[in-house]
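Source file: structure-v8.cif; contents: mmCIF, C-alpha atoms.
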data_target
loop_
_atom_site.label_atom_id
_atom_site.label_comp_id
_atom_site.auth_asym_id
_atom_site.auth_seq_id
_atom_site.Cartn_x
_atom_site.Cartn_y
_atom_site.Cartn_z
CA MET F 1 91.86 76.30 113.73
CA ALA F 2 93.40 78.13 116.70
CA GLY F 3 92.14 76.93 120.05
CA LYS F 4 91.27 73.36 119.06
CA GLU F 5 92.03 70.73 121.66
CA GLN F 6 94.73 68.39 120.46
CA THR F 7 97.75 66.50 121.72
CA ASP F 8 100.89 65.36 119.94
CA GLY F 9 101.94 62.93 122.66
CA ARG F 10 103.91 65.54 124.60
CA VAL F 11 101.89 68.45 125.93
CA PRO F 12 98.08 68.62 125.53
CA GLY F 13 96.40 71.98 125.11
CA ARG F 14 95.21 74.64 122.71
CA THR F 15 97.27 74.51 119.54
CA LEU F 16 98.14 76.89 116.72
CA GLY F 17 99.04 75.17 113.45
CA ILE F 18 101.90 76.83 111.58
CA GLY F 19 102.40 76.52 107.83
CA MET F 20 105.52 78.05 106.29
CA VAL F 21 106.17 78.90 102.64
CA GLY F 22 109.90 78.85 101.88
CA TYR F 23 112.59 76.86 103.64
CA ALA F 24 115.99 78.38 102.85
CA PHE F 25 117.87 80.97 104.98
CA MET F 26 114.84 82.74 106.42
CA GLY F 27 112.83 79.53 106.51
CA ALA F 28 115.48 77.93 108.70
CA ALA F 29 115.49 80.96 111.02
CA HIS F 30 111.70 81.01 111.30
CA SER F 31 111.66 77.24 111.88
CA GLN F 32 114.04 77.75 114.78
CA GLY F 33 111.70 80.35 116.22
CA TRP F 34 108.55 78.26 115.96
CA ARG F 35 110.27 75.08 117.16
CA THR F 36 111.73 76.79 120.23
CA VAL F 37 109.20 79.37 121.41
CA GLY F 38 106.85 77.03 123.26
CA ARG F 39 109.73 75.39 125.05
CA VAL F 40 110.97 78.72 126.45
CA PHE F 41 107.94 80.94 126.99
CA ASP F 42 104.62 80.19 128.64
CA LEU F 43 102.16 80.68 125.78
CA PRO F 44 98.36 80.82 125.57
CA LEU F 45 98.50 78.70 122.38
CA ARG F 46 101.01 75.97 121.54
CA PRO F 47 102.57 76.31 118.04
CA VAL F 48 102.62 73.08 116.04
CA LEU F 49 104.81 72.86 112.93
CA ALA F 50 102.12 71.52 110.60
CA ALA F 51 103.60 71.92 107.11
CA VAL F 52 106.35 73.60 105.11
CA CYS F 53 106.17 74.40 101.39
CA GLY F 54 108.72 74.62 98.57
CA ARG F 55 108.75 73.91 94.85
CA ASP F 56 111.37 71.12 94.96
CA ALA F 57 109.69 68.06 96.50
CA THR F 58 112.94 66.37 97.53
CA ALA F 59 114.48 69.51 99.02
CA VAL F 60 111.37 70.58 100.91
CA ARG F 61 110.92 67.09 102.38
CA ALA F 62 114.55 67.18 103.55
CA ALA F 63 113.95 70.64 105.07
CA ALA F 64 110.81 69.37 106.82
CA ASP F 65 112.74 66.49 108.34
CA ARG F 66 115.64 68.71 109.36
CA HIS F 67 113.56 71.42 111.01
CA GLY F 68 110.73 69.37 112.48
CA TRP F 69 107.79 70.05 110.16
CA ALA F 70 105.16 67.30 110.10
CA ALA F 71 104.34 67.59 106.39
CA ALA F 72 105.72 69.01 103.16
CA GLU F 73 103.86 70.67 100.27
CA THR F 74 105.03 71.81 96.83
CA ASP F 75 102.23 74.32 96.11
CA TRP F 76 101.58 77.16 98.55
CA ARG F 77 97.88 77.06 97.68
CA ASP F 78 97.67 73.54 99.07
CA LEU F 79 99.39 74.71 102.25
CA VAL F 80 96.97 77.61 102.68
CA ALA F 81 94.02 75.24 102.20
CA ARG F 82 95.11 72.83 104.94
CA ASP F 83 92.73 72.56 107.89
CA ASP F 84 95.65 72.10 110.30
CA VAL F 85 97.24 75.43 109.31
CA ASP F 86 96.14 78.49 111.29
CA VAL F 87 99.14 80.75 110.57
CA VAL F 88 100.80 81.14 107.17
CA ASP F 89 104.44 82.23 107.56
CA ILE F 90 105.82 83.67 104.31
CA CYS F 91 109.61 83.34 103.81
CA THR F 92 109.75 83.69 100.02
CA PRO F 93 111.25 86.37 97.74
CA GLY F 94 109.32 89.62 97.72
CA ASP F 95 107.62 89.11 94.35
CA SER F 96 105.28 86.49 95.86
CA HIS F 97 104.51 88.14 99.21
CA ALA F 98 101.35 89.96 98.15
CA GLU F 99 99.74 87.03 96.34
CA ILE F 100 100.36 84.53 99.13
CA ALA F 101 99.50 86.89 102.00
CA ILE F 102 96.24 88.12 100.47
CA ALA F 103 95.14 84.57 99.61
CA ALA F 104 95.97 83.37 103.12
CA LEU F 105 94.09 86.23 104.76
CA GLU F 106 91.07 85.64 102.55
CA ALA F 107 91.19 81.97 103.55
CA GLY F 108 90.85 82.95 107.20
CA LYS F 109 94.48 82.45 108.23
CA HIS F 110 96.73 84.62 110.35
CA VAL F 111 99.83 85.78 108.43
CA LEU F 112 103.47 86.48 109.24
CA CYS F 113 105.33 87.92 106.23
CA GLU F 114 109.06 88.49 105.98
CA LYS F 115 110.32 91.98 105.25
CA PRO F 116 110.18 94.00 103.14
CA LEU F 117 106.41 93.63 103.07
CA ALA F 118 106.28 93.75 99.27
CA ASN F 119 108.23 94.87 96.21
CA THR F 120 106.08 97.93 95.51
CA VAL F 121 103.91 100.40 97.38
CA ALA F 122 100.86 99.26 95.41
CA GLU F 123 101.37 95.65 96.50
CA ALA F 124 101.88 96.72 100.10
CA GLU F 125 98.72 98.83 100.01
CA ALA F 126 96.73 95.84 98.74
CA MET F 127 98.14 93.73 101.58
CA VAL F 128 97.18 96.35 104.15
CA THR F 129 93.65 96.48 102.76
CA ALA F 130 93.37 92.69 102.98
CA ALA F 131 94.78 92.75 106.51
CA GLY F 132 92.22 95.39 107.50
CA ARG F 133 89.34 93.21 106.29
CA ALA F 134 90.84 90.20 108.06
CA ARG F 135 91.23 92.20 111.26
CA THR F 136 87.45 92.55 111.51
CA ARG F 137 87.30 88.74 111.51
CA GLY F 138 89.85 88.48 114.32
CA GLN F 139 92.85 87.60 112.17
CA ALA F 140 96.38 88.92 112.76
CA ALA F 141 98.87 90.08 110.11
CA MET F 142 102.46 90.88 111.06
CA VAL F 143 105.60 91.75 109.10
CA GLY F 144 108.87 90.16 110.18
CA PHE F 145 111.22 92.94 111.22
CA ASN F 146 113.08 90.66 113.63
CA TYR F 147 115.65 93.23 114.82
CA ARG F 148 112.91 94.92 116.85
CA ARG F 149 113.07 91.74 118.95
CA VAL F 150 116.69 92.14 120.01
CA PRO F 151 116.21 92.77 123.76
CA ALA F 152 118.59 95.76 123.65
CA MET F 153 116.51 97.32 120.84
CA THR F 154 113.23 96.82 122.69
CA TYR F 155 114.83 98.30 125.80
CA ALA F 156 116.15 101.25 123.76
CA ARG F 157 112.61 101.94 122.57
CA GLU F 158 111.46 101.98 126.21
CA LEU F 159 114.16 104.51 127.11
CA VAL F 160 113.18 106.81 124.23
CA ALA F 161 109.46 106.47 125.01
CA ASP F 162 110.13 107.24 128.68
CA GLY F 163 111.81 110.51 127.68
CA ARG F 164 115.29 109.55 128.88
CA LEU F 165 116.83 111.16 125.77
CA GLY F 166 114.46 114.11 125.65
CA GLY F 167 113.52 115.48 122.25
CA LEU F 168 115.38 113.70 119.45
CA ARG F 169 117.96 115.51 117.34
CA HIS F 170 119.77 112.87 115.22
CA VAL F 171 119.31 109.22 114.26
CA ARG F 172 122.21 107.54 112.41
CA VAL F 173 122.01 103.99 111.12
CA THR F 174 124.31 101.89 108.95
CA TYR F 175 123.88 98.29 107.83
CA LEU F 176 126.91 96.89 106.05
CA GLN F 177 127.68 93.46 104.61
CA ASP F 178 130.35 92.20 102.21
CA TRP F 179 128.97 89.09 100.50
CA LEU F 180 128.83 90.82 97.10
CA VAL F 181 132.39 92.21 97.12
CA ASP F 182 133.57 89.41 94.81
CA PRO F 183 132.47 90.39 91.26
CA GLU F 184 132.24 86.68 90.43
CA PHE F 185 129.54 86.05 93.02
CA PRO F 186 126.61 84.71 90.95
CA LEU F 187 123.33 86.37 90.02
CA THR F 188 120.96 85.05 92.70
CA TRP F 189 117.34 86.16 93.03
CA ARG F 190 118.41 88.91 95.45
CA LEU F 191 120.15 90.65 92.52
CA GLU F 192 117.12 90.70 90.22
CA ARG F 193 114.54 93.46 90.57
CA LYS F 194 111.69 91.24 89.34
CA HIS F 195 112.16 89.00 92.39
CA ALA F 196 113.72 91.23 95.06
CA GLY F 197 112.24 94.65 94.24
CA SER F 198 115.52 96.36 95.10
CA GLY F 199 118.97 95.42 96.36
CA ALA F 200 120.70 96.56 99.52
CA LEU F 201 117.92 99.14 99.86
CA GLY F 202 115.13 96.59 100.35
CA ASP F 203 117.25 93.85 101.90
CA LEU F 204 119.11 95.95 104.49
CA GLY F 205 117.56 99.39 104.18
CA ALA F 206 114.10 98.08 105.09
CA HIS F 207 115.45 96.89 108.45
CA ILE F 208 117.13 100.15 109.35
CA VAL F 209 114.25 102.35 108.20
CA ASP F 210 111.91 100.29 110.37
CA LEU F 211 114.30 100.48 113.33
CA ALA F 212 114.64 104.26 113.01
CA GLN F 213 110.90 104.82 112.93
CA TYR F 214 110.28 102.26 115.70
CA LEU F 215 112.90 103.67 118.06
CA ALA F 216 111.98 107.29 117.40
CA GLY F 217 108.27 106.58 117.63
CA GLU F 218 107.59 108.78 114.60
CA PRO F 219 107.70 108.53 110.81
CA ILE F 220 110.27 109.66 108.27
CA VAL F 221 108.64 112.41 106.20
CA GLY F 222 111.23 113.03 103.47
CA VAL F 223 114.55 111.76 102.08
CA SER F 224 117.47 112.70 99.86
CA ALA F 225 119.22 109.66 98.38
CA LEU F 226 121.95 108.17 96.23
CA THR F 227 122.17 104.55 95.09
CA GLU F 228 124.80 102.70 93.08
CA THR F 229 125.34 99.35 91.37
CA PHE F 230 129.11 98.74 91.35
CA VAL F 231 129.09 95.35 89.59
CA ARG F 232 126.60 95.39 86.75
CA GLU F 233 127.09 91.87 85.37
CA ARG F 234 127.60 88.60 87.24
CA PRO F 235 127.76 84.87 86.46
CA LEU F 236 124.38 83.19 86.17
CA LEU F 237 123.45 80.83 88.96
CA ALA F 238 124.68 77.26 88.32
CA GLY F 239 123.00 75.45 91.20
CA ALA F 240 121.06 75.87 94.40
CA SER F 241 121.93 78.78 96.68
CA ALA F 242 122.36 78.31 100.42
CA GLY F 243 122.11 81.29 102.74
CA LEU F 244 124.26 84.00 101.16
CA SER F 245 126.44 81.64 99.08
CA ALA F 246 125.82 80.12 95.65
CA PRO F 247 127.68 78.52 92.70
CA GLY F 248 128.14 80.45 89.46
CA GLY F 249 128.40 79.33 85.83
CA ALA F 250 130.11 80.59 82.68
CA GLU F 251 127.26 82.69 81.30
CA ARG F 252 126.63 86.15 82.68
CA GLY F 253 123.53 88.21 83.40
CA THR F 254 122.65 91.79 84.30
CA VAL F 255 122.32 92.97 87.89
CA THR F 256 119.10 95.01 88.07
CA VAL F 257 119.22 96.22 91.69
CA ASP F 258 121.41 98.55 93.75
CA ASP F 259 124.54 97.38 95.57
CA ALA F 260 124.45 100.28 98.03
CA ALA F 261 122.14 103.08 99.14
CA LEU F 262 123.00 106.25 101.03
CA PHE F 263 120.28 108.64 102.16
CA THR F 264 119.44 111.35 104.64
CA GLY F 265 116.04 112.43 105.82
CA ARG F 266 113.86 114.10 108.38
CA LEU F 267 111.51 112.77 111.04
CA ALA F 268 108.10 114.34 111.61
CA SER F 269 109.47 116.19 114.65
CA GLY F 270 112.26 117.75 112.57
CA ALA F 271 115.01 115.42 113.83
CA LEU F 272 117.55 114.48 111.17
CA VAL F 273 118.22 110.90 110.08
CA SER F 274 121.00 109.32 108.01
CA PHE F 275 121.26 105.82 106.56
CA GLU F 276 123.81 103.72 104.72
CA ALA F 277 123.06 100.22 103.41
CA SER F 278 125.64 98.24 101.45
CA ARG F 279 126.41 94.65 100.54
CA MET F 280 129.83 95.73 99.22
CA ALA F 281 131.59 96.78 102.45
CA ALA F 282 134.66 94.54 102.63
CA GLY F 283 135.15 93.01 106.05
CA ARG F 284 131.66 93.84 107.34
CA LYS F 285 129.65 90.64 107.77
CA ASN F 286 126.41 91.79 109.42
CA ALA F 287 127.31 95.19 110.81
CA LEU F 288 124.16 97.03 111.84
CA ARG F 289 125.03 100.06 113.96
CA LEU F 290 122.90 102.94 115.16
CA GLU F 291 123.10 106.00 117.36
CA ILE F 292 120.34 108.27 118.60
CA ASN F 293 121.11 111.72 120.02
CA GLY F 294 118.53 113.62 122.04
CA GLU F 295 118.50 116.85 123.97
CA ARG F 296 119.21 115.01 127.24
CA GLY F 297 121.10 111.88 126.24
CA SER F 298 122.18 109.38 123.60
CA LEU F 299 121.93 105.68 122.77
CA ALA F 300 124.26 103.56 120.62
CA PHE F 301 123.95 99.92 119.49
CA ASP F 302 126.03 97.46 117.48
CA LEU F 303 124.35 94.25 116.26
CA GLU F 304 127.65 92.37 116.46
CA ARG F 305 127.49 93.06 120.24
CA LEU F 306 123.75 92.58 120.46
CA ASN F 307 123.53 92.00 124.20
CA GLU F 308 124.87 95.51 124.87
CA LEU F 309 123.45 99.01 124.71
CA SER F 310 125.50 102.18 125.19
CA PHE F 311 123.68 104.93 127.06
CA TYR F 312 124.77 108.50 127.76
CA ASP F 313 122.79 110.41 130.37
CA GLY F 314 123.30 114.14 129.89
CA GLY F 315 122.17 114.73 133.46
CA ASP F 316 125.23 113.05 134.97
CA PRO F 317 127.89 115.28 136.60
CA ALA F 318 130.53 116.37 134.07
CA ARG F 319 133.41 114.77 135.96
CA SER F 320 131.82 111.30 135.70
CA ALA F 321 129.71 111.66 132.56
CA GLY F 322 130.19 109.39 129.57
CA PHE F 323 128.67 106.51 127.66
CA ARG F 324 128.07 103.52 129.89
CA ARG F 325 127.76 99.93 128.75
CA VAL F 326 124.45 98.34 129.71
CA LEU F 327 124.50 94.55 129.54
CA VAL F 328 120.94 93.74 128.49
CA THR F 329 120.64 90.29 130.08
CA GLU F 330 118.73 91.00 133.30
CA PRO F 331 115.42 89.19 133.95
CA ASP F 332 113.52 92.50 133.88
CA HIS F 333 114.89 93.42 130.45
CA PRO F 334 112.54 92.67 127.50
CA TYR F 335 112.13 88.92 126.78
CA LEU F 336 114.87 87.94 129.26
CA GLU F 337 112.54 86.60 131.95
CA ALA F 338 112.38 83.27 130.12
CA TRP F 339 116.05 82.80 129.23
CA TRP F 340 119.31 82.38 131.14
CA PRO F 341 120.85 83.93 134.27
CA PRO F 342 122.22 87.50 133.95
CA GLY F 343 125.30 87.77 131.74
CA HIS F 344 124.46 84.68 129.67
CA ALA F 345 124.17 86.14 126.18
CA LEU F 346 121.57 85.59 123.49
CA GLY F 347 122.11 85.57 119.71
CA TYR F 348 120.59 86.29 116.31
CA GLU F 349 118.30 83.25 116.30
CA HIS F 350 116.56 84.36 119.50
CA THR F 351 114.99 87.31 117.67
CA PHE F 352 112.86 84.84 115.72
CA VAL F 353 111.80 83.10 118.94
CA HIS F 354 110.71 86.47 120.32
CA GLN F 355 108.90 87.27 117.08
CA ALA F 356 106.93 84.03 117.31
CA ARG F 357 106.14 84.73 120.97
CA ASP F 358 104.71 88.16 120.23
CA LEU F 359 102.58 86.91 117.34
CA VAL F 360 101.13 84.05 119.40
CA HIS F 361 100.17 86.46 122.19
CA ALA F 362 98.56 88.86 119.69
CA ILE F 363 96.53 86.05 118.13
CA ALA F 364 95.41 84.73 121.51
CA SER F 365 94.43 88.17 122.83
CA GLY F 366 92.85 89.41 119.61
CA THR F 367 95.11 92.47 119.48
CA GLU F 368 96.90 93.80 116.42
CA PRO F 369 100.51 92.59 116.33
CA ALA F 370 103.44 94.93 115.84
CA PRO F 371 104.95 95.56 113.42
CA SER F 372 101.69 95.40 111.50
CA PHE F 373 101.25 95.37 107.74
CA ALA F 374 100.58 99.11 108.06
CA ASP F 375 104.05 99.49 109.61
CA GLY F 376 105.47 97.53 106.68
CA LEU F 377 103.68 99.87 104.26
CA ARG F 378 105.22 102.90 105.98
CA VAL F 379 108.66 101.40 105.40
CA GLN F 380 107.77 100.60 101.77
CA ARG F 381 106.80 104.23 101.17
CA VAL F 382 110.17 105.41 102.51
CA LEU F 383 112.00 102.95 100.24
CA ALA F 384 109.97 104.21 97.25
CA ALA F 385 110.87 107.80 98.11
CA VAL F 386 114.55 106.82 98.33
CA GLU F 387 114.44 105.31 94.83
CA GLU F 388 112.61 108.34 93.47
CA SER F 389 115.14 110.71 95.03
CA ALA F 390 118.08 108.69 93.71
CA GLU F 391 116.63 108.78 90.20
CA LYS F 392 116.58 112.60 90.51
CA ASN F 393 120.19 112.83 91.74
CA ALA F 394 119.36 113.19 95.43
CA VAL F 395 116.53 115.73 95.15
CA TYR F 396 114.70 115.93 98.49
CA THR F 397 111.57 113.79 98.13
CA PRO F 398 108.62 113.76 100.55
CA VAL F 399 107.41 110.35 101.74
CA SER F 400 103.78 109.68 100.87
CA PRO F 401 101.67 109.92 104.05
#
Just give me the structure as structure tokens.
Amino acid sequence: MAGKEQTDGRVPGRTLGIGMVGYAFMGAAHSQGWRTVGRVFDLPLRPVLAAVCGRDATAVRAAADRHGWAAAETDWRDLVARDDVDVVDICTPGDSHAEIAIAALEAGKHVLCEKPLANTVAEAEAMVTAAGRARTRGQAAMVGFNYRRVPAMTYARELVADGRLGGLRHVRVTYLQDWLVDPEFPLTWRLERKHAGSGALGDLGAHIVDLAQYLAGEPIVGVSALTETFVRERPLLAGASAGLSAPGGAERGTVTVDDAALFTGRLASGALVSFEASRMAAGRKNALRLEINGERGSLAFDLERLNELSFYDGGDPARSAGFRRVLVTEPDHPYLEAWWPPGHALGYEHTFVHQARDLVHAIASGTEPAPSFADGLRVQRVLAAVEESAEKNAVYTPVSP
């Protein structure tokens, strides 16, 4: 378990055994994070890639070799039971999150679970209850909202918390992708409610709801929403998917999730929020953009320029006032003390390194990591309210407290 003395022939010290369930797109990203974090940051515990799990023995062994995992398992229960696994990292579709996370917590493991936390509010509530019991035993449970770990986003949160924007008025967030524009793109698990829970809403909307609540420092209390499925039938999957691409066959199946979600809402303070999430926006690859307007200033961010933050200070003289570009690469910006000289940019994969760093520190210090499972539940309740509102043709729907 965590803190045991061990050496792998490189660096002796206190180790933290990592076991990961799932090895595809998110599994590769998480592997990068765990493999890199101890080589960049000074950590109180040294992560060791103990084992990775997947149902296909040949494929999971190949993934283990590619990403540096010492062992491969084909049953997640066997991975959870391993004595050399202290942290269970869940990178599977949402329909298995609750079962794996609860079992891992009950087995005495720390847990990192990809977003959204679960497919339903009830599942998320059960996970929070299990995490609460585990917390009394010193275990940590964190949900993987990696965009919080973009240095510019963490810095933006600091600016809002320090009052640089004053009281908030508006939060606008869009997250647009285009990998489903082609109606012949096959029916992967992300397009089936039984596996994914929802479509663009859970896949993209979960990220932007979490970012809005994180940056504002307050919850969304109600929403008014529309959702749409533009392509209702697609070819059935004819082989293994890789990332956001997959081969299709001749037979067709029904899409049971949304392609796009559009919703407005209100924060607890009365500030207004608006969201758009779509996987059908031609030309937009991973376009997450947000703007926050306050009584004294504004912030704007574009994920495709993730080392930059735009900041407007309403206290500047009118003749020189305007949005200024802040290059978030200085050593005193969040996470940047361990990376490159100023101006040398980071990328998407670094968010997973930062996520691993923060979880290791939380485990070592015995503090609750953020975002916690409770944070994930708050997002899940917003997503549920969005679906309820959309079913009622955009009727304003309070979010369960």
To verify the selection step, state as a JSON list (two decimals) with C-alpha atoms, keeping the file's coordinate frame which residues the PyMOL selection byres ((chain F and resi 207) around 12) yields on this input.
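Result file is expr-v7.json:
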[["chain", "number", "residue", "atom", "x", "y", "z"],
["F", 114, "GLU", "CA", 109.06, 88.49, 105.98],
["F", 115, "LYS", "CA", 110.32, 91.98, 105.25],
["F", 116, "PRO", "CA", 110.18, 94.00, 103.14],
["F", 117, "LEU", "CA", 106.41, 93.63, 103.07],
["F", 143, "VAL", "CA", 105.60, 91.75, 109.10],
["F", 144, "GLY", "CA", 108.87, 90.16, 110.18],
["F", 145, "PHE", "CA", 111.22, 92.94, 111.22],
["F", 146, "ASN", "CA", 113.08, 90.66, 113.63],
["F", 147, "TYR", "CA", 115.65, 93.23, 114.82],
["F", 148, "ARG", "CA", 112.91, 94.92, 116.85],
["F", 149, "ARG", "CA", 113.07, 91.74, 118.95],
["F", 173, "VAL", "CA", 122.01, 103.99, 111.12],
["F", 174, "THR", "CA", 124.31, 101.89, 108.95],
["F", 175, "TYR", "CA", 123.88, 98.29, 107.83],
["F", 176, "LEU", "CA", 126.91, 96.89, 106.05],
["F", 200, "ALA", "CA", 120.70, 96.56, 99.52],
["F", 201, "LEU", "CA", 117.92, 99.14, 99.86],
["F", 202, "GLY", "CA", 115.13, 96.59, 100.35],
["F", 203, "ASP", "CA", 117.25, 93.85, 101.90],
["F", 204, "LEU", "CA", 119.11, 95.95, 104.49],
["F", 205, "GLY", "CA", 117.56, 99.39, 104.18],
["F", 206, "ALA", "CA", 114.10, 98.08, 105.09],
["F", 208, "ILE", "CA", 117.13, 100.15, 109.35],
["F", 209, "VAL", "CA", 114.25, 102.35, 108.20],
["F", 210, "ASP", "CA", 111.91, 100.29, 110.37],
["F", 211, "LEU", "CA", 114.30, 100.48, 113.33],
["F", 212, "ALA", "CA", 114.64, 104.26, 113.01],
["F", 213, "GLN", "CA", 110.90, 104.82, 112.93],
["F", 214, "TYR", "CA", 110.28, 102.26, 115.70],
["F", 275, "PHE", "CA", 121.26, 105.82, 106.56],
["F", 276, "GLU", "CA", 123.81, 103.72, 104.72],
["F", 277, "ALA", "CA", 123.06, 100.22, 103.41],
["F", 288, "LEU", "CA", 124.16, 97.03, 111.84],
["F", 289, "ARG", "CA", 125.03, 100.06, 113.96],
["F", 290, "LEU", "CA", 122.90, 102.94, 115.16],
["F", 371, "PRO", "CA", 104.95, 95.56, 113.42],
["F", 375, "ASP", "CA", 104.05, 99.49, 109.61],
["F", 376, "GLY", "CA", 105.47, 97.53, 106.68],
["F", 379, "VAL", "CA", 108.66, 101.40, 105.40],
["F", 380, "GLN", "CA", 107.77, 100.60, 101.77],
["F", 382, "VAL", "CA", 110.17, 105.41, 102.51],
["F", 383, "LEU", "CA", 112.00, 102.95, 100.24]]
*Residue nearest Leu45 (chain F) among F:His30, F:Arg381, F:His361, F:Arg232 (counting only C-alpha atoms)*: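 So, comparing all the options, the nearest one is F:His361.
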*Can you list what the PyMOL selection byres ((chain F and resi 298) around 12) grabs from this structure, as a PyMOL selection string?*
chain F and resi 156+159-160+163-172+290-297+299-301+309-315+321-324
*List, as a list in words, every residue that the PyMOL selection byres ((chain F and resi 330) around 10) selects in the file provided.*
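Evaluating the PyMOL selection byres ((chain F and resi 330) around 10) on these coordinates yields Val326, Leu327, Val328, Thr329, Pro331, Asp332, His333, Pro334, Tyr335, Leu336, Glu337, Trp339, Trp340, Pro341, Pro342, Gly343 and His344 of chain F.
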Residue subset to file, keeping C-alpha atoms, as a compact mmCIF listing (two decimals), in the coordinates of the input:
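Saved to result35.txt:
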# COMPACT_ATOMS: atom_id res chain seq x y z
CA VAL F 326 124.45 98.34 129.71
CA LEU F 327 124.50 94.55 129.54
CA VAL F 328 120.94 93.74 128.49
CA THR F 329 120.64 90.29 130.08
CA PRO F 331 115.42 89.19 133.95
CA ASP F 332 113.52 92.50 133.88
CA HIS F 333 114.89 93.42 130.45
CA PRO F 334 112.54 92.67 127.50
CA TYR F 335 112.13 88.92 126.78
CA LEU F 336 114.87 87.94 129.26
CA GLU F 337 112.54 86.60 131.95
CA TRP F 339 116.05 82.80 129.23
CA TRP F 340 119.31 82.38 131.14
CA PRO F 341 120.85 83.93 134.27
CA PRO F 342 122.22 87.50 133.95
CA GLY F 343 125.30 87.77 131.74
CA HIS F 344 124.46 84.68 129.67
_Nearest-residue call for Gly132 (chain F), choices F:Asp316, F:Glu73, F:Glu349, F:Glu368, using all atoms listed in the file_ = F:Glu368
_Between CA of Phe185 (chain F) and CA of Met280 (chain F) - distance in Å to one decimal_ =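 Value for the CA of Met280 (chain F)-CA of Phe185 (chain F) distance: 11.5 Å.
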*Atomic distance CA of Arg137 (chain F) - CA of Leu105 (chain F), expressed in Å with one decimal*: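 According to the coordinates, CA of Arg137 (chain F) and CA of Leu105 (chain F) are separated by 9.9 Å.
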_Residue with smallest distance to Thr351 (chain F) - pool F:Pro151, F:Arg66, F:Ser274, F:Asp89, counting all atoms listed in the file_ =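 Closest candidate: F:Pro151.
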*Who sits within 12 Å of Lys109 (chain F), only C-alpha atoms, same chain under 2 positions skipped, as a ChimeraX atom specification*: /F:1-2,16-19,79-89,100-107,111-112,130-131,134-135,137-142,363
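Every protein or nucleic acid residue with an atom no more than 8 Å from Val353 (chain F), counting only C-alpha atoms and leaving out same-chain residues fewer than 2 positions away, appears here: His30, Gln32, Gly33, Trp34, Thr36, Val37, Glu349, His350, Thr351, Gln355, Ala356 and Arg357 of chain F.
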*For Ser31 (chain F), work out the shell of residues within 9 Å, counting only C-alpha atoms and skipping chain neighbours fewer than 5 positions away, then give it as a ChimeraX atom specification.*
/F:20,23,26,36,49,67-69,352
*Using all atoms listed in the file, which of the listed residues (F:Val181, F:Val40, F:Ala225, F:Leu377) sits closest to Leu262 (chain F)?*
F:Ala225
Mind dumping region 12-21 of chain F from that block, keeping N, CA, C and O atoms, as a compact mmCIF listing (two decimals), in the first residue's frame?
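File written: out.txt
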# COMPACT_ATOMS: atom_id res chain seq x y z
N PRO F 12 14.80 4.87 -5.39
CA PRO F 12 14.17 4.28 -4.22
C PRO F 12 13.27 5.30 -3.53
O PRO F 12 13.44 6.50 -3.69
N GLY F 13 12.32 4.82 -2.75
CA GLY F 13 11.48 5.74 -2.00
C GLY F 13 10.09 5.20 -1.78
O GLY F 13 9.80 4.03 -2.06
N ARG F 14 9.22 6.05 -1.26
CA ARG F 14 7.86 5.66 -0.96
C ARG F 14 7.06 5.63 -2.25
O ARG F 14 7.02 6.61 -2.99
N THR F 15 6.41 4.51 -2.52
CA THR F 15 5.74 4.34 -3.81
C THR F 15 4.22 4.32 -3.66
O THR F 15 3.67 4.10 -2.59
N LEU F 16 3.56 4.56 -4.78
CA LEU F 16 2.11 4.54 -4.87
C LEU F 16 1.76 3.72 -6.11
O LEU F 16 1.98 4.17 -7.24
N GLY F 17 1.25 2.52 -5.90
CA GLY F 17 0.95 1.64 -7.03
C GLY F 17 -0.33 2.05 -7.73
O GLY F 17 -1.39 2.17 -7.11
N ILE F 18 -0.25 2.24 -9.03
CA ILE F 18 -1.40 2.66 -9.84
C ILE F 18 -1.93 1.48 -10.65
O ILE F 18 -1.17 0.78 -11.32
N GLY F 19 -3.23 1.27 -10.59
CA GLY F 19 -3.89 0.29 -11.43
C GLY F 19 -4.96 0.99 -12.24
O GLY F 19 -5.77 1.74 -11.69
N MET F 20 -4.97 0.78 -13.55
CA MET F 20 -5.90 1.51 -14.42
C MET F 20 -6.83 0.54 -15.15
O MET F 20 -6.38 -0.47 -15.69
N VAL F 21 -8.11 0.86 -15.16
CA VAL F 21 -9.10 0.07 -15.86
C VAL F 21 -9.50 0.82 -17.12
O VAL F 21 -10.06 1.92 -17.06
